[in-house]
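model.tsv follows; it contains TSV, C-alpha atoms and all ligand atoms.
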```
chain	number	residue	atom	x	y	z
C	1	MET	CA	92.81	129.96	107.83
C	2	MET	CA	96.37	129.22	106.75
C	3	LYS	CA	97.05	128.57	103.11
C	4	VAL	CA	98.80	125.24	102.47
C	5	PHE	CA	99.99	123.88	99.13
C	6	VAL	CA	100.46	120.10	98.86
C	7	THR	CA	102.55	119.23	95.80
C	8	ARG	CA	101.18	115.72	95.16
C	9	ARG	CA	98.50	113.20	96.09
C	10	ILE	CA	99.80	111.71	99.36
C	11	PRO	CA	98.64	108.75	101.51
C	12	GLN	CA	95.33	109.52	103.21
C	13	GLU	CA	96.83	109.31	106.70
C	14	GLY	CA	98.39	112.74	106.20
C	15	MET	CA	95.46	114.30	104.34
C	16	LYS	CA	93.07	113.30	107.13
C	17	ILE	CA	95.26	115.00	109.73
C	18	LEU	CA	95.42	118.21	107.70
C	19	GLN	CA	91.67	118.23	107.06
C	20	LYS	CA	90.78	117.46	110.68
C	21	ALA	CA	92.98	120.27	111.99
C	22	GLY	CA	90.44	122.69	110.52
C	23	MET	CA	93.00	125.46	110.19
C	24	CYS	CA	94.23	124.91	106.63
C	25	ASN	CA	92.95	126.22	103.38
C	26	LEU	CA	94.27	123.22	101.44
C	27	SER	CA	95.24	123.26	97.84
C	28	VAL	CA	96.49	119.92	96.49
C	29	TRP	CA	98.15	118.99	93.21
C	30	ASP	CA	95.87	115.96	93.07
C	31	SER	CA	97.92	113.65	90.88
C	32	ASP	CA	100.46	110.83	91.16
C	33	GLU	CA	102.66	112.74	88.73
C	34	PRO	CA	104.89	115.68	89.76
C	35	VAL	CA	103.46	119.16	89.71
C	36	PRO	CA	104.72	121.10	86.66
C	37	ARG	CA	107.06	123.91	87.67
C	38	ALA	CA	104.67	126.66	86.53
C	39	GLU	CA	101.83	125.13	88.61
C	40	LEU	CA	104.13	124.84	91.61
C	41	LEU	CA	105.06	128.51	91.37
C	42	LYS	CA	101.38	129.44	91.04
C	43	GLY	CA	100.22	127.06	93.78
C	44	VAL	CA	102.59	128.30	96.47
C	45	ALA	CA	101.71	131.99	96.04
C	46	GLY	CA	100.84	133.40	99.45
C	47	ALA	CA	101.18	129.99	101.15
C	48	HIS	CA	101.90	129.71	104.88
C	49	GLY	CA	102.96	126.10	104.45
C	50	ILE	CA	104.25	123.83	101.68
C	51	LEU	CA	104.05	120.05	101.88
C	52	CYS	CA	106.48	118.74	99.26
C	53	LEU	CA	108.27	115.63	98.01
C	54	LEU	CA	111.90	114.92	97.23
C	55	SER	CA	111.16	115.44	93.53
C	56	ASP	CA	110.17	119.10	94.08
C	57	LYS	CA	113.08	121.51	93.91
C	58	ILE	CA	112.37	124.18	96.51
C	59	ASP	CA	114.77	126.95	95.55
C	60	THR	CA	114.88	130.75	95.73
C	61	GLU	CA	112.40	131.06	92.87
C	62	VAL	CA	109.81	128.96	94.74
C	63	LEU	CA	110.45	130.81	98.01
C	64	ASP	CA	110.04	134.15	96.23
C	65	ALA	CA	106.85	132.89	94.57
C	66	ALA	CA	105.49	131.86	97.98
C	67	GLY	CA	106.32	135.23	99.50
C	68	PRO	CA	106.64	136.43	103.10
C	69	ASN	CA	103.76	134.38	104.57
C	70	LEU	CA	105.75	131.16	104.30
C	71	LYS	CA	106.46	129.69	107.75
C	72	VAL	CA	107.08	126.02	107.10
C	73	ILE	CA	108.18	123.52	104.48
C	74	SER	CA	107.43	119.91	105.36
C	75	THR	CA	108.96	117.28	103.11
C	76	LEU	CA	107.74	113.69	102.80
C	77	SER	CA	111.31	112.38	102.86
C	78	VAL	CA	114.33	111.97	105.09
C	79	GLY	CA	116.58	113.51	102.43
C	80	PHE	CA	116.55	117.29	102.08
C	81	ASP	CA	119.02	117.92	99.25
C	82	HIS	CA	116.10	119.22	97.15
C	83	LEU	CA	115.67	122.17	99.53
C	84	ALA	CA	117.76	125.37	99.32
C	85	ILE	CA	118.63	125.14	103.00
C	86	ASP	CA	120.80	128.28	103.28
C	87	GLU	CA	118.12	130.45	101.71
C	88	ILE	CA	115.36	128.83	103.80
C	89	LYS	CA	117.34	129.43	106.97
C	90	LYS	CA	118.01	133.05	106.03
C	91	ARG	CA	114.27	133.62	105.68
C	92	GLY	CA	113.48	132.06	109.07
C	93	ILE	CA	111.37	129.28	107.54
C	94	ARG	CA	111.16	126.01	109.49
C	95	VAL	CA	111.64	122.60	107.88
C	96	GLY	CA	110.06	119.27	108.80
C	97	TYR	CA	111.27	115.90	107.46
C	98	THR	CA	110.77	112.18	108.11
C	99	PRO	CA	113.81	110.51	109.71
C	100	ASP	CA	113.56	107.21	111.66
C	101	VAL	CA	110.15	106.12	110.37
C	102	LEU	CA	111.59	104.88	107.05
C	103	THR	CA	114.84	103.42	108.38
C	104	ASP	CA	113.65	99.80	108.57
C	105	ALA	CA	111.94	99.79	105.18
C	106	THR	CA	114.94	101.39	103.47
C	107	ALA	CA	117.44	99.06	105.12
C	108	GLU	CA	115.32	96.06	104.12
C	109	LEU	CA	115.16	97.22	100.50
C	110	THR	CA	118.91	97.78	100.46
C	111	VAL	CA	119.55	94.23	101.67
C	112	ALA	CA	117.12	92.92	99.03
C	113	LEU	CA	118.93	94.92	96.34
C	114	LEU	CA	122.33	93.71	97.53
C	115	LEU	CA	121.27	90.06	97.45
C	116	ALA	CA	119.47	90.45	94.12
C	117	THR	CA	122.58	92.02	92.60
C	118	ALA	CA	125.15	89.67	94.13
C	119	ARG	CA	123.17	86.51	93.31
C	120	ARG	CA	122.01	87.82	89.93
C	121	LEU	CA	118.28	87.38	90.55
C	122	PRO	CA	116.98	89.59	87.69
C	123	GLU	CA	119.20	87.71	85.20
C	124	GLY	CA	117.97	84.37	86.56
C	125	VAL	CA	114.31	85.37	86.33
C	126	GLU	CA	114.89	86.53	82.76
C	127	GLU	CA	116.56	83.24	81.76
C	128	VAL	CA	113.61	81.24	83.12
C	129	LYS	CA	111.24	83.29	80.98
C	130	ASN	CA	113.28	83.38	77.78
C	131	GLY	CA	114.21	79.69	77.61
C	132	GLY	CA	117.84	80.22	78.56
C	133	TRP	CA	117.43	77.68	81.40
C	134	SER	CA	118.48	74.48	79.62
C	135	THR	CA	119.54	72.37	82.60
C	136	TRP	CA	121.27	72.63	85.98
C	137	LYS	CA	124.80	73.83	85.16
C	138	PRO	CA	127.66	73.97	87.66
C	139	LEU	CA	129.12	77.20	86.30
C	140	TRP	CA	125.93	79.03	85.38
C	141	LEU	CA	124.66	82.23	87.05
C	142	CYS	CA	127.19	82.10	89.85
C	143	GLY	CA	127.47	85.18	92.00
C	144	TYR	CA	128.91	86.30	95.32
C	145	GLY	CA	127.78	85.45	98.87
C	146	LEU	CA	127.85	87.39	102.11
C	147	SER	CA	129.16	84.57	104.28
C	148	GLY	CA	132.76	85.28	105.32
C	149	SER	CA	132.75	88.58	103.42
C	150	THR	CA	133.85	92.10	104.25
C	151	VAL	CA	131.16	94.76	103.92
C	152	GLY	CA	132.00	98.48	103.75
C	153	VAL	CA	129.33	101.04	104.56
C	154	ILE	CA	129.87	104.64	103.49
C	155	GLY	CA	127.88	106.72	105.99
C	156	LEU	CA	126.96	104.78	109.14
C	157	GLY	CA	123.97	106.95	110.04
C	158	ARG	CA	120.51	105.69	110.98
C	159	ILE	CA	119.98	103.81	107.72
C	160	GLY	CA	123.61	102.69	107.31
C	161	LEU	CA	123.56	101.15	110.78
C	162	ALA	CA	120.23	99.42	110.11
C	163	ILE	CA	121.66	97.94	106.89
C	164	ALA	CA	124.80	96.77	108.71
C	165	SER	CA	122.85	95.11	111.51
C	166	ARG	CA	120.70	93.23	108.97
C	167	LEU	CA	123.72	92.08	106.96
C	168	LYS	CA	125.76	90.83	109.94
C	169	PRO	CA	123.62	87.71	110.55
C	170	PHE	CA	124.42	86.53	107.00
C	171	GLY	CA	127.90	85.70	108.30
C	172	VAL	CA	129.71	88.91	107.41
C	173	LYS	CA	133.23	88.65	108.83
C	174	ARG	CA	134.26	92.32	108.91
C	175	LEU	CA	132.14	95.44	108.85
C	176	LEU	CA	134.06	98.55	107.81
C	177	TYR	CA	132.69	102.07	107.66
C	178	THR	CA	133.70	105.61	106.77
C	179	GLY	CA	132.19	108.97	107.51
C	180	ARG	CA	133.05	112.33	109.00
C	181	GLN	CA	133.87	110.79	112.36
C	182	PRO	CA	133.78	107.44	114.22
C	183	LYS	CA	130.34	106.57	115.61
C	184	PRO	CA	129.85	105.01	119.06
C	185	GLN	CA	126.83	103.09	117.68
C	186	ALA	CA	129.24	101.21	115.40
C	187	GLN	CA	129.91	98.92	118.39
C	188	GLU	CA	126.49	97.35	117.83
C	189	VAL	CA	127.78	95.87	114.56
C	190	ASP	CA	131.48	95.56	115.49
C	191	GLY	CA	132.10	98.27	112.92
C	192	GLU	CA	135.70	99.32	112.20
C	193	TYR	CA	136.22	102.98	111.28
C	194	VAL	CA	138.69	103.06	108.39
C	195	PRO	CA	139.90	105.50	105.74
C	196	LEU	CA	137.87	105.40	102.51
C	197	ASP	CA	140.78	103.87	100.55
C	198	THR	CA	141.01	100.97	103.01
C	199	LEU	CA	137.26	100.40	102.82
C	200	LEU	CA	137.36	100.33	99.02
C	201	SER	CA	140.34	98.01	98.70
C	202	GLU	CA	139.20	95.53	101.37
C	203	SER	CA	135.42	95.33	100.94
C	204	ASP	CA	133.58	92.67	98.95
C	205	PHE	CA	130.45	94.81	99.14
C	206	VAL	CA	130.52	98.60	99.17
C	207	VAL	CA	127.22	100.08	100.34
C	208	VAL	CA	126.58	103.81	99.98
C	209	SER	CA	124.27	105.18	102.66
C	210	CYS	CA	125.39	108.78	103.10
C	211	SER	CA	123.39	111.91	102.44
C	212	LEU	CA	124.00	114.04	99.36
C	213	SER	CA	126.07	117.13	100.15
C	214	PRO	CA	128.83	119.09	98.43
C	215	ASP	CA	131.26	116.65	100.14
C	216	THR	CA	129.62	113.53	98.75
C	217	GLN	CA	128.48	114.75	95.32
C	218	GLY	CA	130.29	112.64	92.69
C	219	LEU	CA	132.23	110.78	95.41
C	220	CYS	CA	131.92	107.47	93.58
C	221	ASP	CA	133.96	108.22	90.48
C	222	LYS	CA	136.67	106.63	88.33
C	223	THR	CA	139.30	106.83	91.10
C	224	PHE	CA	136.86	105.40	93.65
C	225	PHE	CA	135.93	102.41	91.47
C	226	SER	CA	139.58	101.81	90.54
C	227	LYS	CA	140.33	101.14	94.22
C	228	MET	CA	137.64	98.44	94.54
C	229	LYS	CA	138.30	94.73	93.97
C	230	LYS	CA	137.33	93.25	90.60
C	231	THR	CA	135.04	90.85	92.46
C	232	SER	CA	133.24	93.44	94.55
C	233	ILE	CA	129.69	94.69	94.40
C	234	PHE	CA	128.61	98.33	94.62
C	235	ILE	CA	125.23	99.23	96.15
C	236	ASN	CA	123.64	102.68	96.39
C	237	SER	CA	120.32	103.47	98.07
C	238	SER	CA	121.08	107.07	99.08
C	239	ARG	CA	121.08	109.63	96.25
C	240	GLY	CA	122.03	109.17	92.61
C	241	ALA	CA	124.26	112.24	92.48
C	242	VAL	CA	126.77	110.61	94.86
C	243	VAL	CA	127.77	108.52	91.82
C	244	ASN	CA	129.39	109.55	88.56
C	245	GLN	CA	127.30	107.28	86.34
C	246	ASP	CA	129.63	107.49	83.32
C	247	ASP	CA	132.47	106.25	85.51
C	248	LEU	CA	130.24	103.53	86.97
C	249	PHE	CA	129.30	102.37	83.47
C	250	GLU	CA	132.98	102.18	82.57
C	251	ALA	CA	133.83	100.26	85.77
C	252	LEU	CA	131.02	97.76	85.16
C	253	SER	CA	131.60	97.22	81.45
C	254	SER	CA	135.37	96.90	81.75
C	255	GLY	CA	135.21	94.40	84.62
C	256	GLN	CA	136.80	96.86	87.07
C	257	ILE	CA	134.06	95.86	89.52
C	258	ALA	CA	131.69	92.86	89.46
C	259	ALA	CA	128.23	94.41	89.67
C	260	ALA	CA	126.15	97.31	90.92
C	261	GLY	CA	122.69	97.68	92.45
C	262	LEU	CA	121.14	101.14	92.43
C	263	ASP	CA	117.87	102.29	93.96
C	264	VAL	CA	118.69	105.89	93.05
C	265	THR	CA	119.98	107.47	89.85
C	266	THR	CA	120.46	110.79	88.07
C	267	PRO	CA	118.13	111.73	86.66
C	268	GLU	CA	115.06	110.01	88.09
C	269	PRO	CA	113.46	108.38	86.21
C	270	LEU	CA	116.54	107.06	84.42
C	271	PRO	CA	115.85	107.27	80.66
C	272	THR	CA	115.03	103.79	79.30
C	273	ASP	CA	117.85	104.09	76.75
C	274	HIS	CA	120.47	104.84	79.41
C	275	PRO	CA	123.71	102.82	78.91
C	276	LEU	CA	123.55	101.41	82.48
C	277	LEU	CA	120.33	99.60	81.54
C	278	THR	CA	122.14	97.64	78.81
C	279	LEU	CA	124.37	95.93	81.38
C	280	LYS	CA	123.48	92.55	82.88
C	281	ASN	CA	125.60	93.31	85.94
C	282	CYS	CA	123.67	96.44	86.86
C	283	VAL	CA	120.36	96.18	88.74
C	284	VAL	CA	118.38	99.41	88.81
C	285	LEU	CA	115.29	99.98	90.97
C	286	PRO	CA	112.96	103.02	90.75
C	287	HIS	CA	113.78	104.68	94.13
C	288	ILE	CA	111.55	102.46	96.28
C	289	GLY	CA	113.59	102.33	99.51
C	290	SER	CA	110.75	103.45	101.79
C	291	ALA	CA	107.93	101.98	99.69
C	292	THR	CA	105.95	99.80	102.07
C	293	TYR	CA	102.28	100.65	102.59
C	294	SER	CA	102.72	101.17	106.31
C	295	THR	CA	105.92	103.23	106.05
C	296	ARG	CA	104.44	105.57	103.49
C	297	GLY	CA	101.34	106.00	105.67
C	298	VAL	CA	103.45	106.85	108.72
C	299	MET	CA	105.61	109.22	106.65
C	300	SER	CA	102.49	110.97	105.40
C	301	ALA	CA	101.11	111.43	108.93
C	302	LEU	CA	104.45	112.69	110.23
C	303	THR	CA	104.77	115.14	107.34
C	304	ALA	CA	101.29	116.51	108.11
C	305	ASN	CA	102.02	116.81	111.84
C	306	ASN	CA	105.33	118.58	111.13
C	307	LEU	CA	103.48	121.01	108.88
C	308	LEU	CA	100.79	121.78	111.45
C	309	ALA	CA	103.39	122.38	114.16
C	310	GLY	CA	105.22	124.75	111.83
C	311	LEU	CA	102.00	126.65	111.13
C	312	THR	CA	101.11	127.02	114.81
C	313	GLY	CA	104.66	127.75	115.96
C	314	SER	CA	104.80	124.69	118.20
C	315	GLU	CA	107.30	121.86	118.60
C	316	MET	CA	107.58	119.64	115.54
C	317	PRO	CA	107.72	115.85	115.88
C	318	SER	CA	110.70	115.91	113.45
C	319	GLU	CA	112.22	119.28	112.75
C	320	LEU	CA	115.38	119.65	110.71
C	321	LYS	CA	117.84	121.71	112.74
C	322	LEU	CA	119.01	124.45	110.39
X	401	LIG	O1	114.85	108.88	99.41
X	401	LIG	C1	113.96	108.94	100.20
X	401	LIG	C2	113.87	109.90	101.24
X	401	LIG	O2	114.71	110.82	101.31
X	401	LIG	O3	112.93	109.81	102.05
```
Kindly return the structure encoded in the file as structure tokens.
Ligand SMILES: O=CC(=O)O
Amino acid sequence: MMKVFVTRRIPQEGMKILQKAGMCNLSVWDSDEPVPRAELLKGVAGAHGILCLLSDKIDTEVLDAAGPNLKVISTLSVGFDHLAIDEIKKRGIRVGYTPDVLTDATAELTVALLLATARRLPEGVEEVKNGGWSTWKPLWLCGYGLSGSTVGVIGLGRIGLAIASRLKPFGVKRLLYTGRQPKPQAQEVDGEYVPLDTLLSESDFVVVSCSLSPDTQGLCDKTFFSKMKKTSIFINSSRGAVVNQDDLFEALSSGQIAAAGLDVTTPEPLPTDHPLLTLKNCVVLPHIGSATYSTRGVMSALTANNLLAGLTGSEMPSELKL
């Protein structure tokens, strides 16, 4: 039997696959809350496989605690910035992740967040509840629309492209994008590859959909926001650390940009007394991009199948090329 540590309660689709395989000695941190670090270090000792989440930092200390048996780390996420990839590669450990299966759900959520932010839905809902809705007023709760607008996507990967193709039918006039290189798939959305400065100065909506890497860490800072229009909206559904949140707070409170919608923050959860939460023009969601019942079930199954393939040395449905 192979020893497997699962760092959280996960949708049953994945657990059933692991149990049915009959080859795993399963140990599960059976809670909806994250495993404490000390329990993680204890739980992985001698493990052949680790099934983890994006909230578990898998670094040298965890790899050392697991020891030489460790063959595979399978993460229930498309992002892998929580994994010490260089060290994992050096040790010959394989990594499974969950691309593609969460693209639609995450793109949908990003569009919902963009519309909610641009049309000020949370503020409107609040006004209805607190009696602020006195009558129909021509100048009240006005926001910004997509029709005739320019949208800029930073990182036109799987999710960025899915966001762009959902936004286009709202009447978007120009779709700009940046990234390491032009993408042939951009044709599907008439995307124009432009320098970042052009994207920032011409877009009415700036949507961040890139992965977190040393290149993108802190990319959205004071200089970045200073290049955006005063009427433009900033949306991030990738990773919180792409944004300098102090600079974002400044840009939002000074009127440098119109509004921001974030599905990701640093840290997560964002403390309830965080300055960003005092702003009416900032909509913050609790990292729910992939949170549909069906998507989470499919992610769970894929994570389990990746893990099993890693344990048996066979081809993984979704292996991260290291
Ligand atoms: O953020 C979510 C993921 O990486 O799957």
(message) What does the list of residues within 10 Å of ligand LIG 401 (chain X) look like if you count all atoms listed in the file, written as a ChimeraX atom specification?
(response) /C:53-55,75-82,97-103,106,211,237-240,263-264,287-291,296,299
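Nearest-residue note for Ala107 of chain C: choosing from C:Leu308, C:Ile235, C:Val298, C:Leu26, the minimum distance belongs to C:Ile235, counting only C-alpha atoms.
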(message) Show me the residues around (140.4, 100.1, 101.3) - criterion: an atom at most 12 Å away, only C-alpha atoms counted - as number ranges by chain.
(response) C: 150-154, 176-178, 192-206, 224-229, 232
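Between atom CA of Lys222 of chain C and atom CA of Leu277 of chain C lies a distance of 19.0 Å.
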(request) Kindly provide, as number ranges by chain, the polymer residues lying within 8 Å of (94.6, 117.3, 91.2), counting only C-alpha atoms and using the coordinates exactly as they appear in the file. (result) C: 8-9, 28-31
(message) Just to confirm, what's the straight-line distance from atom CA of Ser318 of chain C to atom CA of Leu302 of chain C in Å (one decimal)?
(response)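 Separating atom CA of Ser318 of chain C from atom CA of Leu302 of chain C is a distance of 7.7 Å.
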(message) Counting all atoms listed in the file, which residue out of C:Leu63, C:Leu262, C:Val4, C:Val242 sits closest to Val111 of chain C?
(response)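 Answer, going by the shortest atom-to-atom distance: C:Leu262.
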Edge lengths and centre in Å, axis-aligned, segment 306-315 of chain C plus 3 Å each side, as JSON:
```
{"center_x": 104.0, "center_y": 123.2, "center_z": 113.7, "size_x": 12.5, "size_y": 15.2, "size_z": 15.7}
```
(request) Using only C-alpha atoms, determine which residues lie at most 7 Å from Phe5 of chain C, disregarding the query and same-chain residues fewer than 4 positions distant; provide the list as a list in words. (result)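 The filter keeps Leu26, Ser27, Val28, Gly43, Val44, Ala47, Gly49, Ile50 and Leu51 of chain C.
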Using 12 Å as the limit and counting all atoms listed in the file, can you tabulate each residue of segment 202-255 of chain C that touches segment 268-276 of chain C, with its shortest atom-to-atom distance in Å and the two atoms involved, as a tab-separated table?
```
residue	atom	partner	partner_atom	distance
C:Arg239	CA	C:Glu268	CA	10.1
C:Gly240	CA	C:Glu268	CA	8.3
C:Ala241	CA	C:Glu268	CA	10.4
C:Asn244	CA	C:Leu276	CA	11.7
C:Gln245	CA	C:Leu276	CA	8.0
C:Asp246	CA	C:Leu276	CA	8.6
C:Asp247	CA	C:Leu276	CA	10.6
C:Leu248	CA	C:Leu276	CA	8.3
C:Phe249	CA	C:Leu276	CA	5.9
C:Glu250	CA	C:Leu276	CA	9.5
C:Ala251	CA	C:Leu276	CA	10.9
C:Leu252	CA	C:Leu276	CA	8.7
C:Ser253	CA	C:Leu276	CA	9.1
```
Selection from above, C-alpha atoms, as a JSON list (two decimals), keeping the file's coordinate frame, can you write it?
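Ended up saving to part-v2.json:
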```json
[["chain", "number", "residue", "atom", "x", "y", "z"],
["C", 239, "ARG", "CA", 121.08, 109.63, 96.25],
["C", 240, "GLY", "CA", 122.03, 109.17, 92.61],
["C", 241, "ALA", "CA", 124.26, 112.24, 92.48],
["C", 244, "ASN", "CA", 129.39, 109.55, 88.56],
["C", 245, "GLN", "CA", 127.30, 107.28, 86.34],
["C", 246, "ASP", "CA", 129.63, 107.49, 83.32],
["C", 247, "ASP", "CA", 132.47, 106.25, 85.51],
["C", 248, "LEU", "CA", 130.24, 103.53, 86.97],
["C", 249, "PHE", "CA", 129.30, 102.37, 83.47],
["C", 250, "GLU", "CA", 132.98, 102.18, 82.57],
["C", 251, "ALA", "CA", 133.83, 100.26, 85.77],
["C", 252, "LEU", "CA", 131.02, 97.76, 85.16],
["C", 253, "SER", "CA", 131.60, 97.22, 81.45]]
```
(message) Please determine, counting only C-alpha atoms, which residue among C:Pro267, C:Ala66, C:Arg120, C:Ser300 has the shortest atom-to-atom distance to Leu40 of chain C.
(response)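 Ranking C:Pro267, C:Ala66, C:Arg120, C:Ser300 by distance to Leu40 of chain C, first place goes to C:Ala66.
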(request) Tell me which of C:Lys168, C:Leu141, C:Leu83, C:Ile58 sits closest to Glu126 of chain C, counting all atoms listed in the file. (result)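 The closest residue to Glu126 of chain C is C:Leu141.
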(message) Rounded to one decimal, what separation in Å do you get between atom CA of Leu175 of chain C and atom CA of Pro122 of chain C?
(response)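 One can read the atom CA of Leu175 of chain C to atom CA of Pro122 of chain C distance as 26.7 Å.
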(message) Calculated over only C-alpha atoms, which of the candidates C:Thr295, C:Cys142, C:Gly310, C:Pro182 has the smallest distance to Glu123 of chain C?
(response)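 That would be C:Cys142, the residue with the smallest distance to Glu123 of chain C.
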Can you pull out every residue within 9 Å of Lys16 of chain C, counting all atoms listed in the file, but drop anything in the same chain fewer than 4 positions away, and send it as an mmCIF file with C-alpha atoms, keeping the file's coordinate frame?
```cif
data_model
loop_
_atom_site.group_PDB
_atom_site.id
_atom_site.type_symbol
_atom_site.label_atom_id
_atom_site.label_comp_id
_atom_site.auth_asym_id
_atom_site.auth_seq_id
_atom_site.Cartn_x
_atom_site.Cartn_y
_atom_site.Cartn_z
ATOM 1 C CA GLN C 12 95.330 109.520 103.210
ATOM 2 C CA LYS C 20 90.780 117.460 110.680
ATOM 3 C CA ALA C 21 92.980 120.270 111.990
ATOM 4 C CA ALA C 301 101.110 111.430 108.930
ATOM 5 C CA ALA C 304 101.290 116.510 108.110
#
```
